Amino acid sequence: MIYPLPAALISCGSTPQDYNLFTVAWTGTLCTNPAMCYISVRPERHSYELIKQSMEYVINLTTESMARATDWCGVRSGRDYRKFHEMQLTPAPALHVQAPIVQESPLSIECRVQEIVHLGSHDMFISQVLGVQADERFLDEQGKWHLERSHPLVYLHGGYYALGELIGTFGWSVKKT
């Protein structure tokens with residue numbers, strides 16, 4: 001019951017013939033130095049074996065405009081569908097891994113698996129971040145990147161939601177006036 005979570009599209013596969021997408025909400029940051037993150041995946045999912053074979057994947061953050069594709073990719077299997085094609089999403093080259101990024105994503109995080117932890121219903125892929133590709137449309141005049149301008153999609157106990165209004169920034173509660 002730790003919510004909300006990012007609704008992320010994970011891209012995987014080493015060649016265009018095996019590129020796949022699937023949706024996860026169980027993902028997050030583990031460490032900043034070195035940059036590490038994780039995804040938790042059920043072993044019976046089609047993409048589980050693709051990631052296990054290549055030991056690479058990309059976390060693609062999603063937006064409100066990607067909500068239908070995000071949901072669809074979570075309930076359809078890559079065994080039966082070519083998800084990039086079906087959802088009219090664009091596989092684009094990653095810089096550090098063979099798996100593609102989703103070009104429509106505001107932020108794509110390229111990952112290499114360091115360890116697989118068997119947890120029960122899911123296995124956790126603990127991964128090093130090798131690179132990040134960010135959509136430059138969300139850069140301001142000073143070069144600061146603003147993910148909130150992309151209208152991120154989040155997952156909350158079975159539903160997809162848009163984010164609400166900003167109520168403060170880190171440290172604002174103790175800042176001297």
# chains A, B, ... in the order shown; residues from 1 in each chain; ligands from 1
$ closest_atom_pairs --of "segment 58-155 of chain A" --to "segment 21-45 of chain A" --cutoff "7 Å" --atoms "only C-alpha atoms" --output "Markdown table"
| residue | atom | partner | partner_atom | distance |
| --- | --- | --- | --- | --- |
| A:Thr70 | CA | A:Thr23 | CA | 6.1 |
| A:Cys73 | CA | A:Phe22 | CA | 5.1 |
| A:Gly74 | CA | A:Thr23 | CA | 4.5 |
| A:Lys83 | CA | A:Leu21 | CA | 6.2 |
| A:Ser121 | CA | A:Arg42 | CA | 6.0 |
| A:His122 | CA | A:Arg42 | CA | 4.3 |
| A:Asp123 | CA | A:Ser40 | CA | 5.4 |
| A:Met124 | CA | A:Ser40 | CA | 4.2 |
| A:Phe125 | CA | A:Tyr38 | CA | 5.4 |
| A:Ile126 | CA | A:Tyr38 | CA | 4.6 |
| A:Ser127 | CA | A:Cys37 | CA | 5.4 |
| A:Gln128 | CA | A:Met36 | CA | 4.5 |
| A:Val129 | CA | A:Ala35 | CA | 5.4 |
| A:Tyr155 | CA | A:Ala25 | CA | 6.6 |
$ write_last_selection --atoms "N, CA and C atoms" --output "PDB file, in the first residue's frame"
ATOM      1  N   THR A  70      -0.010   2.561 -21.985  1.00  0.00           N
ATOM      2  CA  THR A  70       0.579   2.043 -20.756  1.00  0.00           C
ATOM      3  C   THR A  70      -0.273   0.914 -20.194  1.00  0.00           C
ATOM      4  N   CYS A  73      -0.280  -2.225 -22.700  1.00  0.00           N
ATOM      5  CA  CYS A  73       0.968  -2.998 -22.665  1.00  0.00           C
ATOM      6  C   CYS A  73       1.110  -3.801 -21.379  1.00  0.00           C
ATOM      7  N   GLY A  74       0.343  -3.442 -20.356  1.00  0.00           N
ATOM      8  CA  GLY A  74       0.369  -4.185 -19.104  1.00  0.00           C
ATOM      9  C   GLY A  74      -0.557  -5.383 -19.076  1.00  0.00           C
ATOM     10  N   LYS A  83       3.904  -4.968 -29.519  1.00  0.00           N
ATOM     11  CA  LYS A  83       3.323  -3.862 -28.763  1.00  0.00           C
ATOM     12  C   LYS A  83       3.710  -2.478 -29.288  1.00  0.00           C
ATOM     13  N   SER A 121       6.402 -13.940  -5.525  1.00  0.00           N
ATOM     14  CA  SER A 121       5.624 -13.757  -6.754  1.00  0.00           C
ATOM     15  C   SER A 121       6.401 -12.979  -7.808  1.00  0.00           C
ATOM     16  N   HIS A 122       7.346 -12.149  -7.386  1.00  0.00           N
ATOM     17  CA  HIS A 122       8.139 -11.321  -8.291  1.00  0.00           C
ATOM     18  C   HIS A 122       9.628 -11.530  -8.028  1.00  0.00           C
ATOM     19  N   ASP A 123      10.408 -11.284  -9.055  1.00  0.00           N
ATOM     20  CA  ASP A 123      11.857 -11.211  -8.915  1.00  0.00           C
ATOM     21  C   ASP A 123      12.268  -9.761  -9.133  1.00  0.00           C
ATOM     22  N   MET A 124      13.212  -9.300  -8.329  1.00  0.00           N
ATOM     23  CA  MET A 124      13.683  -7.927  -8.437  1.00  0.00           C
ATOM     24  C   MET A 124      14.967  -7.899  -9.258  1.00  0.00           C
ATOM     25  N   PHE A 125      14.956  -7.098 -10.320  1.00  0.00           N
ATOM     26  CA  PHE A 125      16.135  -6.874 -11.140  1.00  0.00           C
ATOM     27  C   PHE A 125      16.811  -5.607 -10.616  1.00  0.00           C
ATOM     28  N   ILE A 126      17.877  -5.778  -9.860  1.00  0.00           N
ATOM     29  CA  ILE A 126      18.648  -4.648  -9.337  1.00  0.00           C
ATOM     30  C   ILE A 126      19.637  -4.257 -10.423  1.00  0.00           C
ATOM     31  N   SER A 127      19.636  -2.990 -10.789  1.00  0.00           N
ATOM     32  CA  SER A 127      20.338  -2.585 -12.003  1.00  0.00           C
ATOM     33  C   SER A 127      21.120  -1.294 -11.839  1.00  0.00           C
ATOM     34  N   GLN A 128      22.206  -1.214 -12.604  1.00  0.00           N
ATOM     35  CA  GLN A 128      22.987   0.014 -12.679  1.00  0.00           C
ATOM     36  C   GLN A 128      22.413   0.869 -13.803  1.00  0.00           C
ATOM     37  N   VAL A 129      22.297   2.158 -13.539  1.00  0.00           N
ATOM     38  CA  VAL A 129      21.857   3.099 -14.566  1.00  0.00           C
ATOM     39  C   VAL A 129      23.070   3.444 -15.424  1.00  0.00           C
ATOM     40  N   TYR A 155       0.412   5.438 -10.886  1.00  0.00           N
ATOM     41  CA  TYR A 155      -0.463   4.308 -10.607  1.00  0.00           C
ATOM     42  C   TYR A 155      -0.802   4.324  -9.130  1.00  0.00           C
TER      43      TYR A 155
END
$ select_by_dssp --residues "segment 6-103 of chain A" --states "alpha helix (DSSP H)" --output "number ranges by chain"
A: 46-54, 67-75, 83-86
$ residues_around --residues "Leu95 of chain A" --least-positions-apart "6" --cutoff "10 Å" --atoms "only C-alpha atoms" --output "VMD selection string"
chain A and resid 101 110 130 to 133
$ residues_around --residues "His157 of chain A" --least-positions-apart "3" --cutoff "12 Å" --atoms "only C-alpha atoms" --output "count of residues only"
12
$ residues_around --residues "Leu89 of chain A" --least-positions-apart "3" --cutoff "9 Å" --atoms "only C-alpha atoms" --output "ChimeraX atom specification"
/A:69,83-86,102-104
$ residues_around --residues "Pro16 of chain A" --least-positions-apart "6" --cutoff "9 Å" --atoms "only C-alpha atoms" --output "NGL selection string"
:A and (91 or 99-100)
$ closest_residue --among "A:Trp72, A:Leu9, A:Met55, A:Gly120" --to "Leu153 of chain A" --atoms "only C-alpha atoms"
A:Leu9
$ select_by_dssp --residues "chain A" --states "strand (DSSP E or B)" --output "JSON list (two decimals) with N, CA, C and O atoms, in the first residue's frame"
[["chain", "number", "residue", "atom", "x", "y", "z"],
["A", 5, "LEU", "N", 2.82, 5.26, -7.39],
["A", 5, "LEU", "CA", 4.04, 4.77, -8.02],
["A", 5, "LEU", "C", 4.07, 5.24, -9.46],
["A", 5, "LEU", "O", 3.02, 5.51, -10.05],
["A", 6, "PRO", "N", 5.25, 5.30, -10.05],
["A", 6, "PRO", "CA", 5.27, 5.64, -11.49],
["A", 6, "PRO", "C", 4.66, 4.51, -12.30],
["A", 6, "PRO", "O", 4.85, 3.35, -11.97],
["A", 8, "ALA", "N", 5.36, 2.92, -15.41],
["A", 8, "ALA", "CA", 6.47, 2.93, -16.35],
["A", 8, "ALA", "C", 6.31, 1.85, -17.41],
["A", 8, "ALA", "O", 5.82, 0.76, -17.13],
["A", 9, "LEU", "N", 6.72, 2.16, -18.61],
["A", 9, "LEU", "CA", 6.82, 1.17, -19.68],
["A", 9, "LEU", "C", 8.26, 0.70, -19.72],
["A", 9, "LEU", "O", 9.18, 1.51, -19.86],
["A", 10, "ILE", "N", 8.45, -0.59, -19.59],
["A", 10, "ILE", "CA", 9.78, -1.18, -19.65],
["A", 10, "ILE", "C", 9.96, -1.72, -21.07],
["A", 10, "ILE", "O", 9.15, -2.51, -21.55],
["A", 11, "SER", "N", 11.02, -1.27, -21.73],
["A", 11, "SER", "CA", 11.34, -1.81, -23.05],
["A", 11, "SER", "C", 12.51, -2.77, -22.91],
["A", 11, "SER", "O", 13.41, -2.56, -22.10],
["A", 12, "CYS", "N", 12.46, -3.84, -23.70],
["A", 12, "CYS", "CA", 13.50, -4.86, -23.61],
["A", 12, "CYS", "C", 13.62, -5.55, -24.96],
["A", 12, "CYS", "O", 12.83, -5.30, -25.87],
["A", 20, "ASN", "N", 10.11, -5.64, -26.97],
["A", 20, "ASN", "CA", 8.84, -5.75, -26.28],
["A", 20, "ASN", "C", 8.71, -4.61, -25.27],
["A", 20, "ASN", "O", 9.70, -3.99, -24.88],
["A", 21, "LEU", "N", 7.48, -4.38, -24.88],
["A", 21, "LEU", "CA", 7.13, -3.40, -23.85],
["A", 21, "LEU", "C", 6.22, -4.07, -22.84],
["A", 21, "LEU", "O", 5.38, -4.89, -23.20],
["A", 22, "PHE", "N", 6.40, -3.71, -21.58],
["A", 22, "PHE", "CA", 5.43, -4.13, -20.56],
["A", 22, "PHE", "C", 5.40, -3.06, -19.49],
["A", 22, "PHE", "O", 6.31, -2.26, -19.35],
["A", 23, "THR", "N", 4.32, -3.05, -18.74],
["A", 23, "THR", "CA", 4.08, -2.01, -17.75],
["A", 23, "THR", "C", 4.44, -2.52, -16.37],
["A", 23, "THR", "O", 4.10, -3.64, -16.01],
["A", 24, "VAL", "N", 5.13, -1.68, -15.60],
["A", 24, "VAL", "CA", 5.39, -1.98, -14.20],
["A", 24, "VAL", "C", 5.12, -0.73, -13.37],
["A", 24, "VAL", "O", 5.27, 0.39, -13.85],
["A", 27, "THR", "N", 8.87, -0.11, -9.33],
["A", 27, "THR", "CA", 10.16, 0.36, -9.80],
["A", 27, "THR", "C", 10.58, 1.54, -8.94],
["A", 27, "THR", "O", 9.73, 2.21, -8.35],
["A", 28, "GLY", "N", 11.86, 1.78, -8.87],
["A", 28, "GLY", "CA", 12.31, 2.92, -8.10],
["A", 28, "GLY", "C", 13.82, 3.04, -8.03],
["A", 28, "GLY", "O", 14.56, 2.21, -8.57],
["A", 29, "THR", "N", 14.25, 4.08, -7.35],
["A", 29, "THR", "CA", 15.66, 4.36, -7.14],
["A", 29, "THR", "C", 16.17, 3.57, -5.94],
["A", 29, "THR", "O", 15.49, 3.47, -4.92],
["A", 30, "LEU", "N", 17.38, 3.03, -6.05],
["A", 30, "LEU", "CA", 18.01, 2.32, -4.95],
["A", 30, "LEU", "C", 19.23, 3.05, -4.40],
["A", 30, "LEU", "O", 19.54, 2.95, -3.22],
["A", 31, "CYS", "N", 19.94, 3.78, -5.27],
["A", 31, "CYS", "CA", 21.20, 4.39, -4.86],
["A", 31, "CYS", "C", 21.52, 5.51, -5.85],
["A", 31, "CYS", "O", 21.19, 5.41, -7.03],
["A", 32, "THR", "N", 22.20, 6.56, -5.34],
["A", 32, "THR", "CA", 22.58, 7.65, -6.25],
["A", 32, "THR", "C", 24.02, 7.53, -6.75],
["A", 32, "THR", "O", 24.32, 7.99, -7.84],
["A", 35, "ALA", "N", 24.56, 5.20, -9.57],
["A", 35, "ALA", "CA", 23.12, 5.27, -9.84],
["A", 35, "ALA", "C", 22.58, 3.86, -10.04],
["A", 35, "ALA", "O", 23.05, 3.12, -10.91],
["A", 36, "MET", "N", 21.62, 3.48, -9.19],
["A", 36, "MET", "CA", 21.03, 2.15, -9.23],
["A", 36, "MET", "C", 19.51, 2.27, -9.12],
["A", 36, "MET", "O", 19.00, 3.17, -8.43],
["A", 37, "CYS", "N", 18.82, 1.35, -9.78],
["A", 37, "CYS", "CA", 17.36, 1.31, -9.69],
["A", 37, "CYS", "C", 16.93, -0.15, -9.76],
["A", 37, "CYS", "O", 17.77, -1.05, -9.80],
["A", 38, "TYR", "N", 15.63, -0.36, -9.77],
["A", 38, "TYR", "CA", 15.13, -1.74, -9.82],
["A", 38, "TYR", "C", 13.78, -1.77, -10.53],
["A", 38, "TYR", "O", 13.08, -0.76, -10.64],
["A", 39, "ILE", "N", 13.43, -2.95, -11.01],
["A", 39, "ILE", "CA", 12.07, -3.29, -11.39],
["A", 39, "ILE", "C", 11.78, -4.66, -10.80],
["A", 39, "ILE", "O", 12.69, -5.48, -10.66],
["A", 40, "SER", "N", 10.54, -4.90, -10.43],
["A", 40, "SER", "CA", 10.12, -6.22, -9.96],
["A", 40, "SER", "C", 9.17, -6.80, -11.00],
["A", 40, "SER", "O", 8.22, -6.14, -11.41],
["A", 41, "VAL", "N", 9.44, -8.04, -11.41],
["A", 41, "VAL", "CA", 8.73, -8.67, -12.53],
["A", 41, "VAL", "C", 8.35, -10.09, -12.15],
["A", 41, "VAL", "O", 9.15, -10.82, -11.56],
["A", 56, "GLU", "N", 19.60, -6.46, -19.74],
["A", 56, "GLU", "CA", 19.42, -5.03, -20.01],
["A", 56, "GLU", "C", 17.95, -4.72, -20.21],
["A", 56, "GLU", "O", 17.18, -5.56, -20.66],
["A", 57, "TYR", "N", 17.58, -3.48, -19.93],
["A", 57, "TYR", "CA", 16.23, -2.99, -20.18],
["A", 57, "TYR", "C", 16.25, -1.48, -20.05],
["A", 57, "TYR", "O", 17.25, -0.88, -19.63],
["A", 58, "VAL", "N", 15.13, -0.85, -20.41],
["A", 58, "VAL", "CA", 14.99, 0.60, -20.29],
["A", 58, "VAL", "C", 13.69, 0.89, -19.54],
["A", 58, "VAL", "O", 12.64, 0.34, -19.87],
["A", 59, "ILE", "N", 13.78, 1.76, -18.52],
["A", 59, "ILE", "CA", 12.60, 2.27, -17.83],
["A", 59, "ILE", "C", 12.19, 3.54, -18.55],
["A", 59, "ILE", "O", 12.94, 4.52, -18.59],
["A", 60, "ASN", "N", 10.99, 3.55, -19.14],
["A", 60, "ASN", "CA", 10.46, 4.70, -19.86],
["A", 60, "ASN", "C", 9.30, 5.27, -19.06],
["A", 60, "ASN", "O", 8.29, 4.59, -18.86],
["A", 61, "LEU", "N", 9.47, 6.49, -18.56],
["A", 61, "LEU", "CA", 8.38, 7.11, -17.82],
["A", 61, "LEU", "C", 7.25, 7.46, -18.78],
["A", 61, "LEU", "O", 7.48, 7.69, -19.97],
["A", 63, "THR", "N", 3.24, 9.38, -19.63],
["A", 63, "THR", "CA", 2.50, 10.64, -19.48],
["A", 63, "THR", "C", 1.01, 10.36, -19.59],
["A", 63, "THR", "O", 0.60, 9.27, -20.00],
["A", 91, "PRO", "N", 10.12, 2.70, -31.28],
["A", 91, "PRO", "CA", 11.38, 2.24, -30.67],
["A", 91, "PRO", "C", 12.52, 3.07, -31.25],
["A", 91, "PRO", "O", 12.66, 3.19, -32.46],
["A", 92, "ALA", "N", 13.30, 3.68, -30.37],
["A", 92, "ALA", "CA", 14.44, 4.49, -30.81],
["A", 92, "ALA", "C", 15.70, 3.93, -30.16],
["A", 92, "ALA", "O", 15.63, 3.27, -29.12],
["A", 101, "ILE", "N", 14.67, 2.62, -26.51],
["A", 101, "ILE", "CA", 13.88, 3.52, -25.68],
["A", 101, "ILE", "C", 12.53, 3.71, -26.37],
["A", 101, "ILE", "O", 12.37, 3.37, -27.54],
["A", 102, "VAL", "N", 11.56, 4.24, -25.64],
["A", 102, "VAL", "CA", 10.28, 4.64, -26.24],
["A", 102, "VAL", "C", 10.42, 6.13, -26.55],
["A", 102, "VAL", "O", 10.53, 6.95, -25.64],
["A", 107, "LEU", "N", 11.26, 10.57, -20.41],
["A", 107, "LEU", "CA", 12.52, 10.20, -19.78],
["A", 107, "LEU", "C", 12.71, 8.69, -19.90],
["A", 107, "LEU", "O", 11.82, 7.92, -19.54],
["A", 108, "SER", "N", 13.86, 8.30, -20.41],
["A", 108, "SER", "CA", 14.20, 6.88, -20.58],
["A", 108, "SER", "C", 15.50, 6.60, -19.84],
["A", 108, "SER", "O", 16.50, 7.29, -20.06],
["A", 109, "ILE", "N", 15.46, 5.59, -18.97],
["A", 109, "ILE", "CA", 16.60, 5.24, -18.11],
["A", 109, "ILE", "C", 17.14, 3.89, -18.56],
["A", 109, "ILE", "O", 16.46, 2.86, -18.43],
["A", 110, "GLU", "N", 18.36, 3.88, -19.08],
["A", 110, "GLU", "CA", 18.98, 2.67, -19.62],
["A", 110, "GLU", "C", 19.66, 1.91, -18.48],
["A", 110, "GLU", "O", 20.47, 2.49, -17.76],
["A", 111, "CYS", "N", 19.33, 0.63, -18.35],
["A", 111, "CYS", "CA", 19.75, -0.15, -17.18],
["A", 111, "CYS", "C", 20.43, -1.46, -17.57],
["A", 111, "CYS", "O", 20.03, -2.11, -18.53],
["A", 112, "ARG", "N", 21.42, -1.84, -16.78],
["A", 112, "ARG", "CA", 22.06, -3.15, -16.89],
["A", 112, "ARG", "C", 21.90, -3.87, -15.55],
["A", 112, "ARG", "O", 22.24, -3.34, -14.50],
["A", 113, "VAL", "N", 21.37, -5.07, -15.62],
["A", 113, "VAL", "CA", 21.08, -5.86, -14.43],
["A", 113, "VAL", "C", 22.38, -6.27, -13.75],
["A", 113, "VAL", "O", 23.28, -6.81, -14.38],
["A", 114, "GLN", "N", 22.46, -6.02, -12.44],
["A", 114, "GLN", "CA", 23.60, -6.43, -11.63],
["A", 114, "GLN", "C", 23.30, -7.68, -10.82],
["A", 114, "GLN", "O", 24.17, -8.47, -10.52],
["A", 115, "GLU", "N", 22.02, -7.82, -10.44],
["A", 115, "GLU", "CA", 21.63, -8.94, -9.58],
["A", 115, "GLU", "C", 20.13, -9.18, -9.73],
["A", 115, "GLU", "O", 19.36, -8.24, -9.90],
["A", 116, "ILE", "N", 19.73, -10.44, -9.67],
["A", 116, "ILE", "CA", 18.31, -10.81, -9.65],
["A", 116, "ILE", "C", 18.03, -11.42, -8.30],
["A", 116, "ILE", "O", 18.66, -12.39, -7.89],
["A", 117, "VAL", "N", 17.08, -10.83, -7.59],
["A", 117, "VAL", "CA", 16.71, -11.30, -6.26],
["A", 117, "VAL", "C", 15.34, -11.96, -6.35],
["A", 117, "VAL", "O", 14.36, -11.32, -6.74],
["A", 118, "HIS", "N", 15.28, -13.25, -6.01],
["A", 118, "HIS", "CA", 14.02, -14.00, -6.03],
["A", 118, "HIS", "C", 13.27, -13.68, -4.74],
["A", 118, "HIS", "O", 13.76, -13.95, -3.65],
["A", 123, "ASP", "N", 10.41, -11.28, -9.06],
["A", 123, "ASP", "CA", 11.86, -11.21, -8.92],
["A", 123, "ASP", "C", 12.27, -9.76, -9.13],
["A", 123, "ASP", "O", 11.72, -9.08, -10.02],
["A", 124, "MET", "N", 13.21, -9.30, -8.33],
["A", 124, "MET", "CA", 13.68, -7.93, -8.44],
["A", 124, "MET", "C", 14.97, -7.90, -9.26],
["A", 124, "MET", "O", 15.93, -8.60, -8.94],
["A", 125, "PHE", "N", 14.96, -7.10, -10.32],
["A", 125, "PHE", "CA", 16.13, -6.87, -11.14],
["A", 125, "PHE", "C", 16.81, -5.61, -10.62],
["A", 125, "PHE", "O", 16.34, -4.50, -10.88],
["A", 126, "ILE", "N", 17.88, -5.78, -9.86],
["A", 126, "ILE", "CA", 18.65, -4.65, -9.34],
["A", 126, "ILE", "C", 19.64, -4.26, -10.42],
["A", 126, "ILE", "O", 20.40, -5.09, -10.91],
["A", 127, "SER", "N", 19.64, -2.99, -10.79],
["A", 127, "SER", "CA", 20.34, -2.58, -12.00],
["A", 127, "SER", "C", 21.12, -1.29, -11.84],
["A", 127, "SER", "O", 20.73, -0.41, -11.08],
["A", 128, "GLN", "N", 22.21, -1.21, -12.60],
["A", 128, "GLN", "CA", 22.99, 0.01, -12.68],
["A", 128, "GLN", "C", 22.41, 0.87, -13.80],
["A", 128, "GLN", "O", 22.08, 0.36, -14.88],
["A", 129, "VAL", "N", 22.30, 2.16, -13.54],
["A", 129, "VAL", "CA", 21.86, 3.10, -14.57],
["A", 129, "VAL", "C", 23.07, 3.44, -15.42],
["A", 129, "VAL", "O", 24.08, 3.95, -14.91],
["A", 130, "LEU", "N", 22.97, 3.16, -16.72],
["A", 130, "LEU", "CA", 24.08, 3.43, -17.64],
["A", 130, "LEU", "C", 23.92, 4.76, -18.36],
["A", 130, "LEU", "O", 24.90, 5.34, -18.80],
["A", 131, "GLY", "N", 22.69, 5.22, -18.49],
["A", 131, "GLY", "CA", 22.44, 6.47, -19.19],
["A", 131, "GLY", "C", 20.99, 6.87, -19.08],
["A", 131, "GLY", "O", 20.13, 6.05, -18.76],
["A", 132, "VAL", "N", 20.74, 8.13, -19.34],
["A", 132, "VAL", "CA", 19.39, 8.69, -19.30],
["A", 132, "VAL", "C", 19.20, 9.55, -20.54],
["A", 132, "VAL", "O", 20.07, 10.35, -20.89],
["A", 133, "GLN", "N", 18.07, 9.37, -21.20],
["A", 133, "GLN", "CA", 17.70, 10.24, -22.31],
["A", 133, "GLN", "C", 16.45, 11.01, -21.90],
["A", 133, "GLN", "O", 15.45, 10.41, -21.50],
["A", 134, "ALA", "N", 16.53, 12.33, -21.97],
["A", 134, "ALA", "CA", 15.44, 13.20, -21.56],
["A", 134, "ALA", "C", 14.95, 14.04, -22.73],
["A", 134, "ALA", "O", 15.76, 14.53, -23.52],
["A", 139, "LEU", "N", 13.04, 21.23, -20.93],
["A", 139, "LEU", "CA", 14.12, 22.06, -20.39],
["A", 139, "LEU", "C", 13.67, 23.51, -20.35],
["A", 139, "LEU", "O", 13.02, 23.99, -21.28],
["A", 145, "TRP", "N", 15.65, 20.70, -16.10],
["A", 145, "TRP", "CA", 14.67, 19.81, -16.70],
["A", 145, "TRP", "C", 13.45, 19.70, -15.78],
["A", 145, "TRP", "O", 13.59, 19.55, -14.56],
["A", 152, "PRO", "N", 3.15, 13.65, -15.97],
["A", 152, "PRO", "CA", 3.43, 12.23, -15.68],
["A", 152, "PRO", "C", 2.18, 11.45, -15.27],
["A", 152, "PRO", "O", 1.26, 12.00, -14.66],
["A", 153, "LEU", "N", 2.22, 10.18, -15.60],
["A", 153, "LEU", "CA", 1.16, 9.25, -15.23],
["A", 153, "LEU", "C", 1.64, 8.45, -14.02],
["A", 153, "LEU", "O", 2.77, 7.98, -13.99],
["A", 154, "VAL", "N", 0.78, 8.32, -13.01],
["A", 154, "VAL", "CA", 1.12, 7.52, -11.85],
["A", 154, "VAL", "C", 0.05, 6.46, -11.63],
["A", 154, "VAL", "O", -1.07, 6.57, -12.14],
["A", 155, "TYR", "N", 0.41, 5.44, -10.89],
["A", 155, "TYR", "CA", -0.46, 4.31, -10.61],
["A", 155, "TYR", "C", -0.80, 4.32, -9.13],
["A", 155, "TYR", "O", 0.08, 4.49, -8.29],
["A", 156, "LEU", "N", -2.09, 4.18, -8.82],
["A", 156, "LEU", "CA", -2.54, 4.21, -7.44],
["A", 156, "LEU", "C", -3.60, 3.14, -7.24],
["A", 156, "LEU", "O", -4.74, 3.28, -7.68],
["A", 159, "GLY", "N", -5.56, 2.14, -10.29],
["A", 159, "GLY", "CA", -5.97, 3.22, -11.19],
["A", 159, "GLY", "C", -4.79, 4.06, -11.64],
["A", 159, "GLY", "O", -3.76, 4.13, -10.97],
["A", 160, "TYR", "N", -4.96, 4.69, -12.80],
["A", 160, "TYR", "CA", -3.96, 5.61, -13.33],
["A", 160, "TYR", "C", -4.43, 7.04, -13.04],
["A", 160, "TYR", "O", -5.60, 7.36, -13.24],
["A", 161, "TYR", "N", -3.50, 7.88, -12.59],
["A", 161, "TYR", "CA", -3.84, 9.24, -12.20],
["A", 161, "TYR", "C", -2.83, 10.24, -12.74],
["A", 161, "TYR", "O", -1.65, 9.92, -12.93],
["A", 162, "ALA", "N", -3.31, 11.47, -12.89],
["A", 162, "ALA", "CA", -2.44, 12.61, -13.16],
["A", 162, "ALA", "C", -1.98, 13.16, -11.82],
["A", 162, "ALA", "O", -2.62, 12.93, -10.79]]
$ closest_residue --among "A:His151, A:Ser14, A:Met87, A:Gln53" --to "Arg68 of chain A" --atoms "only C-alpha atoms"
A:Met87
$ closest_residue --among "A:Lys52, A:Ser105, A:Ala94, A:Leu166" --to "Glu148 of chain A" --atoms "only C-alpha atoms"
A:Leu166
$ closest_residue --among "A:Gly164, A:Gly158, A:Pro106, A:Gly171" --to "Glu136 of chain A" --atoms "only C-alpha atoms"
A:Pro106
$ atom_distance --atom1 "atom CA of Gly13 of chain A" --atom2 "atom CA of Gln88 of chain A"
17.7 Å
$ closest_residue --among "A:Thr62, A:Ile167, A:Asp18, A:Leu50" --to "Asp135 of chain A" --atoms "only C-alpha atoms"
A:Thr62
$ atom_distance --atom1 "atom CA of Gln98 of chain A" --atom2 "atom CA of Tyr81 of chain A"
20.3 Å
$ decode --residues "segment 46-57 of chain A" --atoms "N, CA, C and O atoms" --output "mmCIF file, in the first residue's frame"
data_model
loop_
_atom_site.group_PDB
_atom_site.id
_atom_site.type_symbol
_atom_site.label_atom_id
_atom_site.label_comp_id
_atom_site.auth_asym_id
_atom_site.auth_seq_id
_atom_site.Cartn_x
_atom_site.Cartn_y
_atom_site.Cartn_z
ATOM 1 N N HIS A 46 6.358 -12.649 -20.329
ATOM 2 C CA HIS A 46 7.157 -12.846 -21.538
ATOM 3 C C HIS A 46 8.481 -12.079 -21.465
ATOM 4 O O HIS A 46 9.538 -12.607 -21.827
ATOM 5 N N SER A 47 8.449 -10.860 -20.986
ATOM 6 C CA SER A 47 9.647 -10.019 -20.955
ATOM 7 C C SER A 47 10.667 -10.465 -19.919
ATOM 8 O O SER A 47 11.843 -10.103 -20.020
ATOM 9 N N TYR A 48 10.236 -11.219 -18.934
ATOM 10 C CA TYR A 48 11.165 -11.691 -17.902
ATOM 11 C C TYR A 48 12.350 -12.413 -18.544
ATOM 12 O O TYR A 48 13.509 -12.114 -18.235
ATOM 13 N N GLU A 49 12.074 -13.341 -19.435
ATOM 14 C CA GLU A 49 13.147 -14.102 -20.082
ATOM 15 C C GLU A 49 13.983 -13.220 -21.006
ATOM 16 O O GLU A 49 15.192 -13.406 -21.117
ATOM 17 N N LEU A 50 13.342 -12.264 -21.681
ATOM 18 C CA LEU A 50 14.094 -11.351 -22.547
ATOM 19 C C LEU A 50 15.120 -10.558 -21.734
ATOM 20 O O LEU A 50 16.267 -10.392 -22.151
ATOM 21 N N ILE A 51 14.698 -10.076 -20.572
ATOM 22 C CA ILE A 51 15.618 -9.312 -19.718
ATOM 23 C C ILE A 51 16.688 -10.229 -19.150
ATOM 24 O O ILE A 51 17.870 -9.874 -19.108
ATOM 25 N N LYS A 52 16.281 -11.407 -18.722
ATOM 26 C CA LYS A 52 17.248 -12.347 -18.146
ATOM 27 C C LYS A 52 18.316 -12.740 -19.168
ATOM 28 O O LYS A 52 19.483 -12.898 -18.813
ATOM 29 N N GLN A 53 17.942 -12.865 -20.430
ATOM 30 C CA GLN A 53 18.904 -13.220 -21.475
ATOM 31 C C GLN A 53 19.889 -12.091 -21.751
ATOM 32 O O GLN A 53 21.094 -12.313 -21.836
ATOM 33 N N SER A 54 19.380 -10.867 -21.887
ATOM 34 C CA SER A 54 20.244 -9.741 -22.260
ATOM 35 C C SER A 54 20.830 -9.021 -21.051
ATOM 36 O O SER A 54 21.838 -8.332 -21.184
ATOM 37 N N MET A 55 20.158 -9.144 -19.907
ATOM 38 C CA MET A 55 20.533 -8.439 -18.668
ATOM 39 C C MET A 55 20.494 -6.925 -18.872
ATOM 40 O O MET A 55 21.226 -6.171 -18.231
ATOM 41 N N GLU A 56 19.601 -6.457 -19.744
ATOM 42 C CA GLU A 56 19.424 -5.029 -20.013
ATOM 43 C C GLU A 56 17.949 -4.719 -20.215
ATOM 44 O O GLU A 56 17.177 -5.563 -20.663
ATOM 45 N N TYR A 57 17.581 -3.476 -19.926
ATOM 46 C CA TYR A 57 16.234 -2.987 -20.177
ATOM 47 C C TYR A 57 16.250 -1.477 -20.054
ATOM 48 O O TYR A 57 17.250 -0.880 -19.635
#
